[in-house]
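Visitor: Sharing a structure with you now.
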Amino acid sequence: MSVVGFDIGNEDCVIAVVKQRGIDVLLNDESKRKTPAVVCFGEKQRFMGSAGAASALMNLKSTISQVKRLIGKEFSDMDVQNELKKLPFETSKGLDGGILIHLTNRGESHTCTPVQILAMLFSHLKEIIEKRLEMPISDCVIGDPIILYGLAKMCIFECCDNCWVKAFEIDA
């Protein structure tokens, strides 16, 4: 039995698996240890990870990165407003006071929450793991900085639920 771990960063994600002989950092499809934390919506499809980063310049306003910074945050918070000004995609206030991300996918306008975008990224990482291990996974451990507070942790668990992975722990 193996234990799978995600380390989610603002820029990159790392996937590791603990086996009897130790910890292995899994390589992505480009044979790299780090997978960019990027989701890009192109004219005909969605690109994630390295493909999303490579497509970013062609679809700047529909490329979502740095999404972890937005998880569990209120749109009206002044620090959040300062962060949002630096990002190329459009945002607005959601009904719950959170952040909505506006993007174009396949010629249509859509809105997503940061949790939905992060869940897409988790799904991509899950696909990488299952491909490398040649078996389905349903449980994981997530590493994140200690500064992640209660609401953001709940949002991370929600992201995992959205891609059918049970997170046992979010640990610093």
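Identifiers in the structure tokens: chain A, B, ... in order shown; residue index from 1 per chain; ligand index from 1 in order shown.
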At a cut-off of 10 Å, can you tabulate as a tab-separated table every residue of segment 50-154 of chain A near segment 26-46 of chain A together with its closest atom pair and the distance in Å to one decimal, using only C-alpha atoms and ordering rows by chain then number?
Guide:
```
residue	atom	partner	partner_atom	distance
A:Ser50	CA	A:Pro36	CA	5.6
A:Ala51	CA	A:Cys40	CA	8.2
A:Gly52	CA	A:Cys40	CA	4.8
A:Ala53	CA	A:Val38	CA	6.0
A:Ala54	CA	A:Cys40	CA	9.1
A:Ser55	CA	A:Cys40	CA	6.8
A:Ala56	CA	A:Cys40	CA	6.4
A:Leu57	CA	A:Cys40	CA	9.8
A:Met58	CA	A:Gly42	CA	8.0
A:Asn59	CA	A:Gly42	CA	6.2
A:Leu60	CA	A:Cys40	CA	8.2
A:Lys61	CA	A:Cys40	CA	9.0
A:Ser62	CA	A:Phe41	CA	5.4
A:Thr63	CA	A:Cys40	CA	4.1
A:Ile64	CA	A:Val39	CA	5.2
A:Ser65	CA	A:Val38	CA	4.7
A:Gln66	CA	A:Ala37	CA	7.2
A:Val67	CA	A:Ala37	CA	8.0
A:Lys68	CA	A:Ala37	CA	8.7
A:Leu103	CA	A:Phe41	CA	7.6
A:Thr104	CA	A:Phe41	CA	6.8
A:Asn105	CA	A:Phe41	CA	5.4
A:Arg106	CA	A:Glu43	CA	4.7
A:Gly107	CA	A:Glu43	CA	6.2
A:Glu108	CA	A:Glu43	CA	9.3
A:Ile117	CA	A:Val39	CA	7.2
A:Leu118	CA	A:Ala37	CA	8.5
A:Met120	CA	A:Val39	CA	7.7
A:Leu121	CA	A:Val39	CA	6.9
A:Phe122	CA	A:Ala37	CA	9.5
A:His124	CA	A:Val39	CA	9.7
A:Leu125	CA	A:Thr35	CA	8.3
A:Glu127	CA	A:Asn28	CA	9.8
A:Ile128	CA	A:Asn28	CA	6.2
A:Ile129	CA	A:Leu26	CA	7.3
A:Lys131	CA	A:Asp29	CA	9.5
A:Arg132	CA	A:Leu26	CA	7.4
A:Leu133	CA	A:Leu26	CA	9.1
```
Visitor: Those residues you just picked out, can you put them in a file as a tab-separated table (two decimals), in the first residue's frame with N, CA and C atoms?
Guide:
```tsv
chain	number	residue	atom	x	y	z
A	50	SER	N	1.96	21.96	-16.98
A	50	SER	CA	2.96	22.47	-17.93
A	50	SER	C	2.32	22.95	-19.22
A	51	ALA	N	1.31	22.23	-19.69
A	51	ALA	CA	0.62	22.65	-20.92
A	51	ALA	C	-0.10	23.98	-20.70
A	52	GLY	N	-0.65	24.19	-19.52
A	52	GLY	CA	-1.30	25.45	-19.19
A	52	GLY	C	-0.32	26.60	-19.16
A	53	ALA	N	0.85	26.35	-18.58
A	53	ALA	CA	1.89	27.39	-18.53
A	53	ALA	C	2.37	27.73	-19.93
A	54	ALA	N	2.51	26.72	-20.79
A	54	ALA	CA	2.97	26.95	-22.17
A	54	ALA	C	1.93	27.71	-22.98
A	55	SER	N	0.66	27.57	-22.66
A	55	SER	CA	-0.42	28.23	-23.41
A	55	SER	C	-0.80	29.59	-22.83
A	56	ALA	N	-0.18	29.98	-21.75
A	56	ALA	CA	-0.58	31.18	-21.02
A	56	ALA	C	-0.53	32.45	-21.87
A	57	LEU	N	0.50	32.63	-22.63
A	57	LEU	CA	0.62	33.88	-23.40
A	57	LEU	C	-0.44	34.00	-24.49
A	58	MET	N	-0.90	32.89	-25.01
A	58	MET	CA	-1.93	32.93	-26.04
A	58	MET	C	-3.31	33.17	-25.45
A	59	ASN	N	-3.49	32.88	-24.17
A	59	ASN	CA	-4.80	32.99	-23.51
A	59	ASN	C	-4.65	33.67	-22.16
A	60	LEU	N	-4.03	34.82	-22.14
A	60	LEU	CA	-3.65	35.47	-20.89
A	60	LEU	C	-4.83	35.69	-19.95
A	61	LYS	N	-5.95	36.18	-20.45
A	61	LYS	CA	-7.09	36.50	-19.57
A	61	LYS	C	-7.86	35.26	-19.13
A	62	SER	N	-7.57	34.11	-19.75
A	62	SER	CA	-8.21	32.86	-19.35
A	62	SER	C	-7.20	31.88	-18.77
A	63	THR	N	-6.07	32.39	-18.29
A	63	THR	CA	-5.06	31.57	-17.63
A	63	THR	C	-5.10	31.89	-16.14
A	64	ILE	N	-5.37	30.86	-15.36
A	64	ILE	CA	-5.53	31.05	-13.92
A	64	ILE	C	-4.32	30.45	-13.22
A	65	SER	N	-3.58	31.30	-12.55
A	65	SER	CA	-2.45	30.86	-11.73
A	65	SER	C	-2.56	31.59	-10.40
A	66	GLN	N	-1.72	31.21	-9.47
A	66	GLN	CA	-1.74	31.84	-8.14
A	66	GLN	C	-3.09	31.66	-7.44
A	67	VAL	N	-3.84	30.64	-7.84
A	67	VAL	CA	-5.20	30.48	-7.31
A	67	VAL	C	-5.20	30.14	-5.82
A	68	LYS	N	-4.15	29.50	-5.35
A	68	LYS	CA	-4.12	29.14	-3.93
A	68	LYS	C	-4.19	30.39	-3.04
A	103	LEU	N	-13.77	33.92	-17.06
A	103	LEU	CA	-12.89	33.43	-18.11
A	103	LEU	C	-13.71	33.05	-19.33
A	104	THR	N	-13.02	32.83	-20.44
A	104	THR	CA	-13.65	32.39	-21.67
A	104	THR	C	-13.14	31.00	-21.98
A	105	ASN	N	-14.07	30.08	-22.20
A	105	ASN	CA	-13.73	28.71	-22.53
A	105	ASN	C	-14.58	28.29	-23.73
A	106	ARG	N	-13.91	27.90	-24.80
A	106	ARG	CA	-14.58	27.47	-26.03
A	106	ARG	C	-15.54	28.55	-26.55
A	107	GLY	N	-15.10	29.79	-26.43
A	107	GLY	CA	-15.88	30.91	-26.95
A	107	GLY	C	-17.02	31.37	-26.06
A	108	GLU	N	-17.20	30.76	-24.92
A	108	GLU	CA	-18.28	31.13	-24.01
A	108	GLU	C	-17.71	31.69	-22.71
A	117	ILE	N	-11.29	25.91	-9.55
A	117	ILE	CA	-10.04	25.90	-10.33
A	117	ILE	C	-9.02	24.98	-9.67
A	118	LEU	N	-8.89	25.06	-8.35
A	118	LEU	CA	-7.94	24.20	-7.66
A	118	LEU	C	-8.36	22.73	-7.77
A	120	MET	N	-9.78	21.42	-10.35
A	120	MET	CA	-9.33	21.01	-11.69
A	120	MET	C	-7.85	20.63	-11.65
A	121	LEU	N	-7.08	21.41	-10.93
A	121	LEU	CA	-5.65	21.13	-10.80
A	121	LEU	C	-5.43	19.83	-10.04
A	122	PHE	N	-6.17	19.62	-8.95
A	122	PHE	CA	-6.08	18.36	-8.20
A	122	PHE	C	-6.41	17.17	-9.11
A	124	HIS	N	-6.01	16.95	-12.28
A	124	HIS	CA	-4.86	16.75	-13.17
A	124	HIS	C	-3.74	16.01	-12.44
A	125	LEU	N	-3.45	16.42	-11.22
A	125	LEU	CA	-2.41	15.75	-10.43
A	125	LEU	C	-2.80	14.31	-10.13
A	127	GLU	N	-4.61	12.39	-12.03
A	127	GLU	CA	-4.38	11.64	-13.27
A	127	GLU	C	-2.90	11.27	-13.42
A	128	ILE	N	-2.02	12.20	-13.09
A	128	ILE	CA	-0.58	11.93	-13.17
A	128	ILE	C	-0.22	10.78	-12.22
A	129	ILE	N	-0.72	10.85	-11.00
A	129	ILE	CA	-0.41	9.81	-10.02
A	129	ILE	C	-0.92	8.45	-10.49
A	131	LYS	N	-1.59	7.41	-13.42
A	131	LYS	CA	-0.84	6.95	-14.59
A	131	LYS	C	0.51	6.37	-14.16
A	132	ARG	N	1.20	7.06	-13.28
A	132	ARG	CA	2.52	6.60	-12.83
A	132	ARG	C	2.45	5.34	-11.97
A	133	LEU	N	1.46	5.27	-11.09
A	133	LEU	CA	1.33	4.12	-10.19
A	133	LEU	C	0.57	2.95	-10.83
```
Visitor: As an MDAnalysis selection string, please: every residue in segment 9-138 of chain A that a backbone DSSP assignment puts in helix (DSSP H, G or I).
Guide: chainID A and resid 50:62 67:70 78:85 114:133
Visitor: So that I can see what lies close to Gly97 of chain A, please list as a ChimeraX atom specification the residues with an atom at most 10 Å from it, counting only C-alpha atoms and leaving out residues fewer than 5 positions away in the same chain.
Guide: /A:73-77,92
Visitor: If you run DSSP on the backbone, which residues of chain A are strand (DSSP E or B), as an MDAnalysis selection string?
Guide: chainID A and resid 3:8 12:19 22:25 34:36 38:41 46:48 63:65 90:93 99:105 108:112 139:143 166:171
Visitor: For atom CA of Ser138 of chain A and atom CA of Val17 of chain A, determine how far apart the two atoms are, in Å to one decimal place.
Guide: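 Going from atom CA of Ser138 of chain A over to atom CA of Val17 of chain A, I get 13.1 Å.
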Visitor: Any idea what the distance is between atom CA of Glu158 of chain A and atom CA of Thr111 of chain A?
Guide: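 Going from atom CA of Glu158 of chain A over to atom CA of Thr111 of chain A, I get 17.8 Å.
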Visitor: Using only C-alpha atoms, can you tell me which of A:Glu83, A:Asp12, A:Asp96, A:Asp139 comes closest to Phe157 of chain A?
Guide: A:Asp139
Visitor: Enter the distance from atom CA of Val80 of chain A to atom CA of Leu100 of chain A, in Å, rounded to one decimal.
Guide: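 The value is 12.4 Å.
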Visitor: Compare A:Cys140, A:Val18, A:Ile101, A:Leu84 by their minimum atom-to-atom distance to Phe6 of chain A, counting only C-alpha atoms, and give me the closest one.
Guide: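 For Phe6 of chain A, the nearest of the candidates is A:Cys140.
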